[in-house]
Amino acid sequence: MEALKSQPNVVLRDKPDEGPVSVTIPASPFMQKLGYGTGVNVYLMKRSPRGLSRSPWAVKKINSKCNSKQQSIYQQRLNEEAKILRNLQHPNIVGYRAFAEANDGSMCLAMEFGGEKSLNDLIEERSAAHLGPFPAATIFKVALSMARGLKYLHNDKKLLHGDIKSSNVVVKGDFEAIKICDVGVSLPLDENMTVSNPEMSYIGTEPWKPKEALQDDGVITDRADIFPYGLTLWEMMTLSVPHLNLSEDTEDEDDSYDEDDFDEEAYYSALGTRPALNMEELDQSYQYMIDLFSVCTSEDPKQRPSAACIVEALEANLSQE
């Protein structure tokens with residue numbers, strides 16, 4: 001504890017092009033760790049200046065354990081994410097708050113606090129408690145919130161998110177608010193909703209990648225976000241990571257996963273395809289979500305609906321209830 005007490009606060013100096021914002025962020029050991037990603041950690045920063053109660057922020061910082069070369073790469077990514085996030089404003093996208101330089105020269109990105117847990121955290125908790133699929137109504141709510149966020153990115157901002165998955169969705173309370181986060185690998189879309197810049201490539205996360213992102217000559221369009229969107233709904237119905245549990249033989253009686261039984265060949269063959277659902281666990285109330293998952297995970301991107309079409313369909317269904 002003495003070592004922690006010696007940690008100074010990190011006082012951030014604003015970048016010249018960001019306007020006058022005074023930000024003081026506590027040292028990492030004094031903030032609650034919310035999560036982590038490739039080369040970065042995310043912390044909860046509570047703000048109560050002069051006794052006032054203000055909304056907390058989520059602060060993304062480069063992991064200090066990264067070597068100098070890695071730190072340089074991740075700082076560049078964080079810089080790009082800040083540039084993108086600064087120009088976004090939507091209730092289903094985590095909001096920008098500040099981006100500034102710390103005393104040690106590193107950069108920190110302060111964002112709206114969307115919730116203490118990601119959708120992936122909630123999926124893992126539900127799986128550990130053997131609670132079965134999320135209620136169909138909850139999946140519908142997530143589906144609509146995510147689709148609205150994607151529609152905004154695609155249609156209003158001409159951006160492909162590029163890494164849709166449950167861990168990039170944050171949830172507040174009992175699904176009171178659902179927001180897409182982590183726009184650091186977003187790609188610009190042209191007037192045809194296509195990523196046409198040859199210098200920019202789709203990164204994504206392997207189990208969620210659509211077929212076209214796995215092909216050397218694959219054309220990346222806005223529908224490359226729709227495939228992993230569909231898989232995120234699948235995650236909520238199966239409480240699993242896409243393509244990892246490909247047979248009942250890979251699970252023992254307590255549902256624990258044994259890496260020794262991992263079938264690498266089957267996994268790579270399954271990437272970019274629609275994973276199966278255990279229909280015995282899903283009653284009639286799930287049919288609408290099953291249909292949506294199915295159409296969104298077509299291997300042919302032209303067969304997938306746009307985010308705008310999904311929003312229209314879900315809102316029409318909502319108005320009928």
# chains A, B, ... in the order shown; residues from 1 in each chain; ligands from 1
$ closest_atom_pairs --of "stretch 188-250 of chain A" --to "stretch 290-314 of chain A" --cutoff "10 Å" --atoms "only C-alpha atoms" --output "tab-separated table"
residue	atom	partner	partner_atom	distance
A:Pro210	CA	A:Glu299	CA	7.1
A:Lys211	CA	A:Glu299	CA	6.0
A:Glu212	CA	A:Pro301	CA	7.7
A:Val219	CA	A:Pro301	CA	9.2
A:Ile220	CA	A:Pro301	CA	8.9
A:Thr221	CA	A:Pro301	CA	8.0
A:Asp222	CA	A:Ser306	CA	7.4
A:Arg223	CA	A:Pro301	CA	5.7
A:Ala224	CA	A:Pro301	CA	7.1
A:Asp225	CA	A:Ala307	CA	8.7
A:Ile226	CA	A:Cys296	CA	5.8
A:Phe227	CA	A:Thr297	CA	4.8
A:Pro228	CA	A:Thr297	CA	7.6
A:Tyr229	CA	A:Cys296	CA	7.3
A:Gly230	CA	A:Phe293	CA	4.6
A:Leu231	CA	A:Phe293	CA	6.9
A:Thr232	CA	A:Phe293	CA	8.6
A:Leu233	CA	A:Phe293	CA	6.4
A:Trp234	CA	A:Phe293	CA	6.6
A:Met237	CA	A:Ile290	CA	8.8
$ select_by_dssp --residues "stretch 84-292 of chain A" --states "strand (DSSP E or B)" --output "PDB file with N, CA and C atoms, in the first residue's frame"
ATOM      1  N   ILE A  93     -23.649   5.383 -28.827  1.00  0.00           N
ATOM      2  CA  ILE A  93     -22.202   5.379 -29.020  1.00  0.00           C
ATOM      3  C   ILE A  93     -21.576   6.054 -27.804  1.00  0.00           C
ATOM      4  N   TYR A  96     -17.254  11.116 -26.370  1.00  0.00           N
ATOM      5  CA  TYR A  96     -15.917  11.672 -26.141  1.00  0.00           C
ATOM      6  C   TYR A  96     -15.966  12.695 -25.016  1.00  0.00           C
ATOM      7  N   ARG A  97     -14.912  12.738 -24.188  1.00  0.00           N
ATOM      8  CA  ARG A  97     -14.836  13.731 -23.119  1.00  0.00           C
ATOM      9  C   ARG A  97     -13.548  14.553 -23.190  1.00  0.00           C
ATOM     10  N   ALA A  98     -12.399  13.896 -23.322  1.00  0.00           N
ATOM     11  CA  ALA A  98     -11.135  14.643 -23.396  1.00  0.00           C
ATOM     12  C   ALA A  98     -10.030  13.732 -23.903  1.00  0.00           C
ATOM     13  N   PHE A  99      -9.009  14.350 -24.506  1.00  0.00           N
ATOM     14  CA  PHE A  99      -7.822  13.628 -24.945  1.00  0.00           C
ATOM     15  C   PHE A  99      -6.646  14.559 -24.717  1.00  0.00           C
ATOM     16  N   ALA A 100      -5.733  14.170 -23.864  1.00  0.00           N
ATOM     17  CA  ALA A 100      -4.675  15.090 -23.484  1.00  0.00           C
ATOM     18  C   ALA A 100      -3.404  14.358 -23.099  1.00  0.00           C
ATOM     19  N   GLU A 101      -2.352  15.133 -22.953  1.00  0.00           N
ATOM     20  CA  GLU A 101      -1.036  14.587 -22.672  1.00  0.00           C
ATOM     21  C   GLU A 101      -0.755  14.580 -21.180  1.00  0.00           C
ATOM     22  N   MET A 107      -0.538   9.575 -23.705  1.00  0.00           N
ATOM     23  CA  MET A 107      -1.852  10.143 -23.926  1.00  0.00           C
ATOM     24  C   MET A 107      -2.927   9.319 -23.237  1.00  0.00           C
ATOM     25  N   CYS A 108      -3.951   9.985 -22.760  1.00  0.00           N
ATOM     26  CA  CYS A 108      -5.097   9.331 -22.140  1.00  0.00           C
ATOM     27  C   CYS A 108      -6.365   9.809 -22.829  1.00  0.00           C
ATOM     28  N   LEU A 109      -7.262   8.890 -23.102  1.00  0.00           N
ATOM     29  CA  LEU A 109      -8.541   9.219 -23.720  1.00  0.00           C
ATOM     30  C   LEU A 109      -9.640   9.073 -22.676  1.00  0.00           C
ATOM     31  N   ALA A 110     -10.285  10.178 -22.341  1.00  0.00           N
ATOM     32  CA  ALA A 110     -11.391  10.161 -21.386  1.00  0.00           C
ATOM     33  C   ALA A 110     -12.705  10.116 -22.152  1.00  0.00           C
ATOM     34  N   MET A 111     -13.555   9.168 -21.760  1.00  0.00           N
ATOM     35  CA  MET A 111     -14.818   8.946 -22.466  1.00  0.00           C
ATOM     36  C   MET A 111     -15.987   8.936 -21.492  1.00  0.00           C
ATOM     37  N   GLU A 112     -17.161   9.041 -22.044  1.00  0.00           N
ATOM     38  CA  GLU A 112     -18.381   8.862 -21.263  1.00  0.00           C
ATOM     39  C   GLU A 112     -18.350   7.490 -20.597  1.00  0.00           C
ATOM     40  N   LYS A 117     -19.832  -2.681 -16.845  1.00  0.00           N
ATOM     41  CA  LYS A 117     -19.594  -3.983 -17.470  1.00  0.00           C
ATOM     42  C   LYS A 117     -19.884  -3.952 -18.961  1.00  0.00           C
ATOM     43  N   SER A 118     -19.115  -4.755 -19.676  1.00  0.00           N
ATOM     44  CA  SER A 118     -19.385  -4.937 -21.094  1.00  0.00           C
ATOM     45  C   SER A 118     -20.430  -6.037 -21.237  1.00  0.00           C
ATOM     46  N   LEU A 159     -18.799   5.664 -41.545  1.00  0.00           N
ATOM     47  CA  LEU A 159     -17.743   4.931 -40.857  1.00  0.00           C
ATOM     48  C   LEU A 159     -18.142   3.478 -40.648  1.00  0.00           C
ATOM     49  N   LEU A 160     -17.209   2.582 -40.889  1.00  0.00           N
ATOM     50  CA  LEU A 160     -17.366   1.186 -40.525  1.00  0.00           C
ATOM     51  C   LEU A 160     -16.735   1.029 -39.149  1.00  0.00           C
ATOM     52  N   VAL A 169     -19.394  -3.591 -26.453  1.00  0.00           N
ATOM     53  CA  VAL A 169     -20.712  -3.036 -26.120  1.00  0.00           C
ATOM     54  C   VAL A 169     -20.763  -2.890 -24.606  1.00  0.00           C
ATOM     55  N   VAL A 170     -21.012  -1.676 -24.115  1.00  0.00           N
ATOM     56  CA  VAL A 170     -21.095  -1.465 -22.670  1.00  0.00           C
ATOM     57  C   VAL A 170     -22.553  -1.306 -22.259  1.00  0.00           C
ATOM     58  N   VAL A 171     -22.847  -1.807 -21.070  1.00  0.00           N
ATOM     59  CA  VAL A 171     -24.229  -1.843 -20.588  1.00  0.00           C
ATOM     60  C   VAL A 171     -24.314  -1.153 -19.231  1.00  0.00           C
ATOM     61  N   LYS A 172     -25.288  -0.273 -19.092  1.00  0.00           N
ATOM     62  CA  LYS A 172     -25.507   0.413 -17.823  1.00  0.00           C
ATOM     63  C   LYS A 172     -26.672  -0.226 -17.082  1.00  0.00           C
ATOM     64  N   ALA A 177     -29.157   1.328 -20.523  1.00  0.00           N
ATOM     65  CA  ALA A 177     -28.520   1.978 -21.668  1.00  0.00           C
ATOM     66  C   ALA A 177     -27.514   1.016 -22.261  1.00  0.00           C
ATOM     67  N   ILE A 178     -27.448   0.982 -23.592  1.00  0.00           N
ATOM     68  CA  ILE A 178     -26.558   0.076 -24.307  1.00  0.00           C
ATOM     69  C   ILE A 178     -25.802   0.905 -25.340  1.00  0.00           C
ATOM     70  N   LYS A 179     -24.463   0.882 -25.269  1.00  0.00           N
ATOM     71  CA  LYS A 179     -23.666   1.735 -26.146  1.00  0.00           C
ATOM     72  C   LYS A 179     -22.505   0.964 -26.764  1.00  0.00           C
ATOM     73  N   ILE A 180     -22.252   1.251 -28.024  1.00  0.00           N
ATOM     74  CA  ILE A 180     -21.101   0.686 -28.726  1.00  0.00           C
ATOM     75  C   ILE A 180     -19.868   1.503 -28.367  1.00  0.00           C
ATOM     76  N   LEU A 187     -13.091   2.412 -40.072  1.00  0.00           N
ATOM     77  CA  LEU A 187     -12.617   2.692 -41.424  1.00  0.00           C
ATOM     78  C   LEU A 187     -13.623   3.574 -42.155  1.00  0.00           C
ATOM     79  N   PRO A 188     -13.150   4.510 -42.960  1.00  0.00           N
ATOM     80  CA  PRO A 188     -14.070   5.384 -43.702  1.00  0.00           C
ATOM     81  C   PRO A 188     -14.766   4.642 -44.838  1.00  0.00           C
ATOM     82  N   THR A 194     -18.481   1.485 -49.164  1.00  0.00           N
ATOM     83  CA  THR A 194     -17.366   0.558 -49.331  1.00  0.00           C
ATOM     84  C   THR A 194     -16.085   1.174 -48.789  1.00  0.00           C
ATOM     85  N   THR A 221     -17.497  -3.700 -46.998  1.00  0.00           N
ATOM     86  CA  THR A 221     -18.554  -2.689 -47.036  1.00  0.00           C
ATOM     87  C   THR A 221     -19.143  -2.516 -45.631  1.00  0.00           C
ATOM     88  N   GLU A 251     -16.619 -30.029 -24.482  1.00  0.00           N
ATOM     89  CA  GLU A 251     -17.118 -29.574 -23.192  1.00  0.00           C
ATOM     90  C   GLU A 251     -17.294 -30.761 -22.273  1.00  0.00           C
ATOM     91  N   TYR A 257     -14.188 -25.385 -20.517  1.00  0.00           N
ATOM     92  CA  TYR A 257     -13.580 -25.548 -21.839  1.00  0.00           C
ATOM     93  C   TYR A 257     -12.161 -26.075 -21.687  1.00  0.00           C
TER      94      TYR A 257
END
$ select_by_dssp --residues "stretch 84-279 of chain A" --states "helix (DSSP H, G or I)" --output "ChimeraX atom specification"
/A:84-86,119-128,136-156,166-168,206-208,211-214,223-238,248-250,259-261,264-270,279
$ residues_around --residues "A:Ala137" --least-positions-apart "2" --cutoff "12 Å" --atoms "only C-alpha atoms" --output "PyMOL selection string"
chain A and resi 133-135+139-144+175+233+236-237+285-289+314+317-318+321
$ write_last_selection --atoms "N, CA and C atoms" --output "PDB file, in the first residue's frame"
ATOM      1  N   PRO A 133     -29.827 -18.804 -21.890  1.00  0.00           N
ATOM      2  CA  PRO A 133     -29.869 -17.628 -22.769  1.00  0.00           C
ATOM      3  C   PRO A 133     -30.502 -16.410 -22.088  1.00  0.00           C
ATOM      4  N   PHE A 134     -30.074 -15.221 -22.505  1.00  0.00           N
ATOM      5  CA  PHE A 134     -30.728 -13.998 -22.041  1.00  0.00           C
ATOM      6  C   PHE A 134     -32.173 -14.012 -22.521  1.00  0.00           C
ATOM      7  N   PRO A 135     -33.083 -13.382 -21.781  1.00  0.00           N
ATOM      8  CA  PRO A 135     -34.471 -13.314 -22.248  1.00  0.00           C
ATOM      9  C   PRO A 135     -34.543 -12.684 -23.636  1.00  0.00           C
ATOM     10  N   ILE A 139     -32.461  -9.399 -25.492  1.00  0.00           N
ATOM     11  CA  ILE A 139     -31.702  -9.484 -26.738  1.00  0.00           C
ATOM     12  C   ILE A 139     -32.258  -8.495 -27.762  1.00  0.00           C
ATOM     13  N   PHE A 140     -33.574  -8.367 -27.804  1.00  0.00           N
ATOM     14  CA  PHE A 140     -34.217  -7.407 -28.714  1.00  0.00           C
ATOM     15  C   PHE A 140     -33.753  -5.983 -28.388  1.00  0.00           C
ATOM     16  N   LYS A 141     -33.688  -5.659 -27.113  1.00  0.00           N
ATOM     17  CA  LYS A 141     -33.281  -4.314 -26.700  1.00  0.00           C
ATOM     18  C   LYS A 141     -31.843  -4.028 -27.118  1.00  0.00           C
ATOM     19  N   VAL A 142     -30.969  -5.009 -26.936  1.00  0.00           N
ATOM     20  CA  VAL A 142     -29.580  -4.865 -27.362  1.00  0.00           C
ATOM     21  C   VAL A 142     -29.503  -4.741 -28.878  1.00  0.00           C
ATOM     22  N   ALA A 143     -30.268  -5.562 -29.570  1.00  0.00           N
ATOM     23  CA  ALA A 143     -30.274  -5.539 -31.034  1.00  0.00           C
ATOM     24  C   ALA A 143     -30.673  -4.167 -31.573  1.00  0.00           C
ATOM     25  N   LEU A 144     -31.708  -3.578 -30.996  1.00  0.00           N
ATOM     26  CA  LEU A 144     -32.180  -2.279 -31.466  1.00  0.00           C
ATOM     27  C   LEU A 144     -31.178  -1.178 -31.137  1.00  0.00           C
ATOM     28  N   PHE A 175     -29.595  -3.157 -18.290  1.00  0.00           N
ATOM     29  CA  PHE A 175     -29.801  -2.835 -19.711  1.00  0.00           C
ATOM     30  C   PHE A 175     -30.604  -1.538 -19.883  1.00  0.00           C
ATOM     31  N   LEU A 233     -25.695 -11.191 -31.222  1.00  0.00           N
ATOM     32  CA  LEU A 233     -26.999 -11.702 -30.799  1.00  0.00           C
ATOM     33  C   LEU A 233     -26.886 -13.197 -30.504  1.00  0.00           C
ATOM     34  N   MET A 236     -25.553 -13.886 -27.097  1.00  0.00           N
ATOM     35  CA  MET A 236     -26.533 -13.741 -26.026  1.00  0.00           C
ATOM     36  C   MET A 236     -27.464 -14.941 -25.936  1.00  0.00           C
ATOM     37  N   MET A 237     -27.602 -15.673 -27.040  1.00  0.00           N
ATOM     38  CA  MET A 237     -28.464 -16.862 -27.040  1.00  0.00           C
ATOM     39  C   MET A 237     -27.712 -18.127 -26.656  1.00  0.00           C
ATOM     40  N   SER A 285     -40.493 -17.496 -28.213  1.00  0.00           N
ATOM     41  CA  SER A 285     -40.270 -16.062 -27.996  1.00  0.00           C
ATOM     42  C   SER A 285     -38.972 -15.576 -28.661  1.00  0.00           C
ATOM     43  N   TYR A 286     -38.068 -16.498 -28.966  1.00  0.00           N
ATOM     44  CA  TYR A 286     -36.780 -16.130 -29.562  1.00  0.00           C
ATOM     45  C   TYR A 286     -36.815 -16.096 -31.088  1.00  0.00           C
ATOM     46  N   GLN A 287     -37.933 -16.500 -31.699  1.00  0.00           N
ATOM     47  CA  GLN A 287     -37.948 -16.695 -33.149  1.00  0.00           C
ATOM     48  C   GLN A 287     -37.532 -15.445 -33.925  1.00  0.00           C
ATOM     49  N   TYR A 288     -37.994 -14.284 -33.500  1.00  0.00           N
ATOM     50  CA  TYR A 288     -37.665 -13.049 -34.214  1.00  0.00           C
ATOM     51  C   TYR A 288     -36.164 -12.775 -34.171  1.00  0.00           C
ATOM     52  N   MET A 289     -35.547 -13.005 -32.993  1.00  0.00           N
ATOM     53  CA  MET A 289     -34.111 -12.797 -32.852  1.00  0.00           C
ATOM     54  C   MET A 289     -33.326 -13.860 -33.627  1.00  0.00           C
ATOM     55  N   LEU A 314     -36.981  -3.457 -36.646  1.00  0.00           N
ATOM     56  CA  LEU A 314     -37.114  -3.620 -35.192  1.00  0.00           C
ATOM     57  C   LEU A 314     -38.075  -2.580 -34.603  1.00  0.00           C
ATOM     58  N   ASN A 317     -41.576  -3.623 -35.404  1.00  0.00           N
ATOM     59  CA  ASN A 317     -41.982  -4.718 -34.532  1.00  0.00           C
ATOM     60  C   ASN A 317     -42.312  -4.199 -33.140  1.00  0.00           C
ATOM     61  N   LEU A 318     -41.537  -3.210 -32.690  1.00  0.00           N
ATOM     62  CA  LEU A 318     -41.744  -2.620 -31.376  1.00  0.00           C
ATOM     63  C   LEU A 318     -43.075  -1.909 -31.288  1.00  0.00           C
ATOM     64  N   GLU A 321     -46.208  -4.099 -30.660  1.00  0.00           N
ATOM     65  CA  GLU A 321     -46.421  -4.752 -29.365  1.00  0.00           C
ATOM     66  C   GLU A 321     -47.296  -3.927 -28.444  1.00  0.00           C
TER      67      GLU A 321
END
$ residues_around --residues "A:His243" --least-positions-apart "2" --cutoff "8 Å" --atoms "only C-alpha atoms" --output "VMD selection string"
chain A and resid 207 241 245 to 246 267 270 to 271 275
$ write_last_selection --atoms "all heavy atoms" --output "compact mmCIF listing (two decimals), in the first residue's frame"
# COMPACT_ATOMS: atom_id res chain seq x y z
N PRO A 207 -12.80 -14.53 -34.34
CA PRO A 207 -14.04 -15.32 -34.33
C PRO A 207 -15.26 -14.59 -34.91
O PRO A 207 -16.23 -15.23 -35.31
CB PRO A 207 -14.24 -15.63 -32.84
CG PRO A 207 -12.88 -15.54 -32.25
CD PRO A 207 -12.21 -14.43 -32.99
N VAL A 241 -18.40 -18.05 -27.25
CA VAL A 241 -17.63 -17.32 -28.25
C VAL A 241 -17.82 -18.03 -29.59
O VAL A 241 -17.73 -19.26 -29.64
CB VAL A 241 -16.13 -17.29 -27.88
CG1 VAL A 241 -15.31 -16.63 -29.00
CG2 VAL A 241 -15.93 -16.54 -26.57
N ASN A 245 -16.59 -23.59 -29.42
CA ASN A 245 -17.13 -24.88 -28.98
C ASN A 245 -17.87 -25.52 -30.15
O ASN A 245 -19.07 -25.34 -30.31
CB ASN A 245 -18.08 -24.70 -27.79
CG ASN A 245 -17.35 -24.17 -26.58
OD1 ASN A 245 -16.18 -24.46 -26.38
ND2 ASN A 245 -18.04 -23.38 -25.76
N LEU A 246 -17.13 -26.24 -30.96
CA LEU A 246 -17.70 -26.75 -32.21
C LEU A 246 -18.34 -28.12 -32.08
O LEU A 246 -19.00 -28.59 -32.99
CB LEU A 246 -16.61 -26.79 -33.29
CG LEU A 246 -16.09 -25.42 -33.71
CD1 LEU A 246 -14.93 -25.57 -34.66
CD2 LEU A 246 -17.19 -24.61 -34.36
N TYR A 267 -12.05 -25.08 -36.35
CA TYR A 267 -12.24 -23.66 -36.00
C TYR A 267 -11.98 -22.77 -37.22
O TYR A 267 -12.80 -21.92 -37.56
CB TYR A 267 -11.29 -23.29 -34.85
CG TYR A 267 -11.14 -21.81 -34.63
CD1 TYR A 267 -12.16 -21.06 -34.05
CD2 TYR A 267 -9.96 -21.15 -35.00
CE1 TYR A 267 -12.01 -19.69 -33.84
CE2 TYR A 267 -9.81 -19.79 -34.80
CZ TYR A 267 -10.83 -19.06 -34.23
OH TYR A 267 -10.69 -17.71 -34.03
N ALA A 270 -14.58 -22.97 -39.85
CA ALA A 270 -15.87 -22.39 -39.48
C ALA A 270 -15.88 -20.87 -39.53
O ALA A 270 -16.95 -20.25 -39.62
CB ALA A 270 -16.26 -22.85 -38.08
N LEU A 271 -14.71 -20.23 -39.49
CA LEU A 271 -14.65 -18.77 -39.49
C LEU A 271 -15.40 -18.20 -40.70
O LEU A 271 -15.27 -18.69 -41.81
CB LEU A 271 -13.20 -18.28 -39.50
CG LEU A 271 -12.38 -18.52 -38.24
CD1 LEU A 271 -10.95 -18.02 -38.44
CD2 LEU A 271 -13.02 -17.84 -37.03
N PRO A 275 -22.71 -19.90 -37.15
CA PRO A 275 -22.65 -20.99 -36.15
C PRO A 275 -24.04 -21.50 -35.81
O PRO A 275 -25.04 -20.79 -35.97
CB PRO A 275 -21.99 -20.33 -34.94
CG PRO A 275 -22.31 -18.88 -35.08
CD PRO A 275 -22.37 -18.60 -36.55
$ atom_distance --atom1 "atom CA of A:Asp163" --atom2 "atom CA of A:Gln215"
16.7 Å
$ closest_residue --among "A:Val183, A:Val94, A:Leu239, A:Ala316" --to "A:Ala58" --atoms "only C-alpha atoms"
A:Val94
$ atom_distance --atom1 "atom CA of A:Pro242" --atom2 "atom CA of A:Ala213"
15.8 Å
$ residues_around --residues "A:Ile84" --least-positions-apart "5" --cutoff "9 Å" --atoms "only C-alpha atoms" --output "number ranges by chain"
A: 79, 183-184, 186
$ write_last_selection --atoms "all heavy atoms" --output "compact mmCIF listing (two decimals), in the first residue's frame"
# COMPACT_ATOMS: atom_id res chain seq x y z
N ASN A 79 -4.65 7.84 -30.53
CA ASN A 79 -4.77 9.15 -31.16
C ASN A 79 -5.84 9.13 -32.24
O ASN A 79 -6.68 10.05 -32.34
CB ASN A 79 -3.43 9.57 -31.74
CG ASN A 79 -3.46 10.98 -32.30
OD1 ASN A 79 -3.81 11.91 -31.59
ND2 ASN A 79 -3.11 11.13 -33.56
N VAL A 183 -13.92 2.64 -31.07
CA VAL A 183 -13.95 2.95 -32.50
C VAL A 183 -12.54 3.13 -33.07
O VAL A 183 -12.36 3.70 -34.14
CB VAL A 183 -14.79 4.23 -32.77
CG1 VAL A 183 -16.23 4.01 -32.39
CG2 VAL A 183 -14.20 5.44 -32.02
N GLY A 184 -11.55 2.62 -32.35
CA GLY A 184 -10.16 2.84 -32.73
C GLY A 184 -9.73 2.22 -34.04
O GLY A 184 -8.71 2.62 -34.61
N SER A 186 -11.92 1.93 -36.69
CA SER A 186 -12.96 2.28 -37.67
C SER A 186 -12.33 2.64 -39.01
O SER A 186 -11.21 3.14 -39.08
CB SER A 186 -13.78 3.47 -37.16
OG SER A 186 -14.50 3.12 -36.01
$ atom_distance --atom1 "atom CA of A:Gly95" --atom2 "atom CA of A:Asn168"
13.6 Å
$ decode --residues "stretch 187-200 of chain A" --atoms "N, CA, C and O atoms" --output "short mmCIF file (atom, residue, chain, number, x, y, z; two decimals), in the first residue's frame"
data_model
loop_
_atom_site.label_atom_id
_atom_site.label_comp_id
_atom_site.auth_asym_id
_atom_site.auth_seq_id
_atom_site.Cartn_x
_atom_site.Cartn_y
_atom_site.Cartn_z
N LEU A 187 -13.09 2.41 -40.07
CA LEU A 187 -12.62 2.69 -41.42
C LEU A 187 -13.62 3.57 -42.16
O LEU A 187 -14.83 3.40 -42.00
N PRO A 188 -13.15 4.51 -42.96
CA PRO A 188 -14.07 5.38 -43.70
C PRO A 188 -14.77 4.64 -44.84
O PRO A 188 -14.16 3.81 -45.52
N LEU A 189 -16.04 4.94 -45.02
CA LEU A 189 -16.83 4.37 -46.11
C LEU A 189 -17.04 5.43 -47.19
O LEU A 189 -17.26 6.60 -46.89
N ASP A 190 -16.98 5.01 -48.45
CA ASP A 190 -17.23 5.97 -49.53
C ASP A 190 -18.72 6.06 -49.82
O ASP A 190 -19.55 5.52 -49.08
N GLU A 191 -19.08 6.72 -50.89
CA GLU A 191 -20.50 6.94 -51.21
C GLU A 191 -21.22 5.63 -51.50
O GLU A 191 -22.46 5.57 -51.45
N ASN A 192 -20.47 4.59 -51.81
CA ASN A 192 -21.07 3.27 -52.08
C ASN A 192 -21.04 2.36 -50.84
O ASN A 192 -21.24 1.15 -50.97
N MET A 193 -20.77 2.95 -49.70
CA MET A 193 -20.68 2.21 -48.44
C MET A 193 -19.59 1.14 -48.49
O MET A 193 -19.73 0.05 -47.95
N THR A 194 -18.48 1.48 -49.16
CA THR A 194 -17.37 0.56 -49.33
C THR A 194 -16.09 1.17 -48.79
O THR A 194 -15.88 2.39 -48.89
N VAL A 195 -15.23 0.34 -48.18
CA VAL A 195 -13.91 0.79 -47.75
C VAL A 195 -13.02 0.74 -48.99
O VAL A 195 -12.59 -0.34 -49.42
N SER A 196 -12.76 1.89 -49.59
CA SER A 196 -12.06 1.93 -50.87
C SER A 196 -10.60 2.35 -50.77
O SER A 196 -9.86 2.28 -51.74
N ASN A 197 -10.18 2.79 -49.59
CA ASN A 197 -8.79 3.21 -49.40
C ASN A 197 -7.89 1.99 -49.28
O ASN A 197 -7.98 1.24 -48.30
N PRO A 198 -7.02 1.72 -50.26
CA PRO A 198 -6.19 0.51 -50.24
C PRO A 198 -5.20 0.48 -49.08
O PRO A 198 -4.67 -0.59 -48.75
N GLU A 199 -4.92 1.63 -48.49
CA GLU A 199 -3.96 1.68 -47.39
C GLU A 199 -4.60 1.33 -46.05
O GLU A 199 -3.89 1.19 -45.05
N MET A 200 -5.91 1.19 -46.03
CA MET A 200 -6.61 0.90 -44.79
C MET A 200 -7.21 -0.50 -44.85
O MET A 200 -7.92 -0.84 -45.79
#
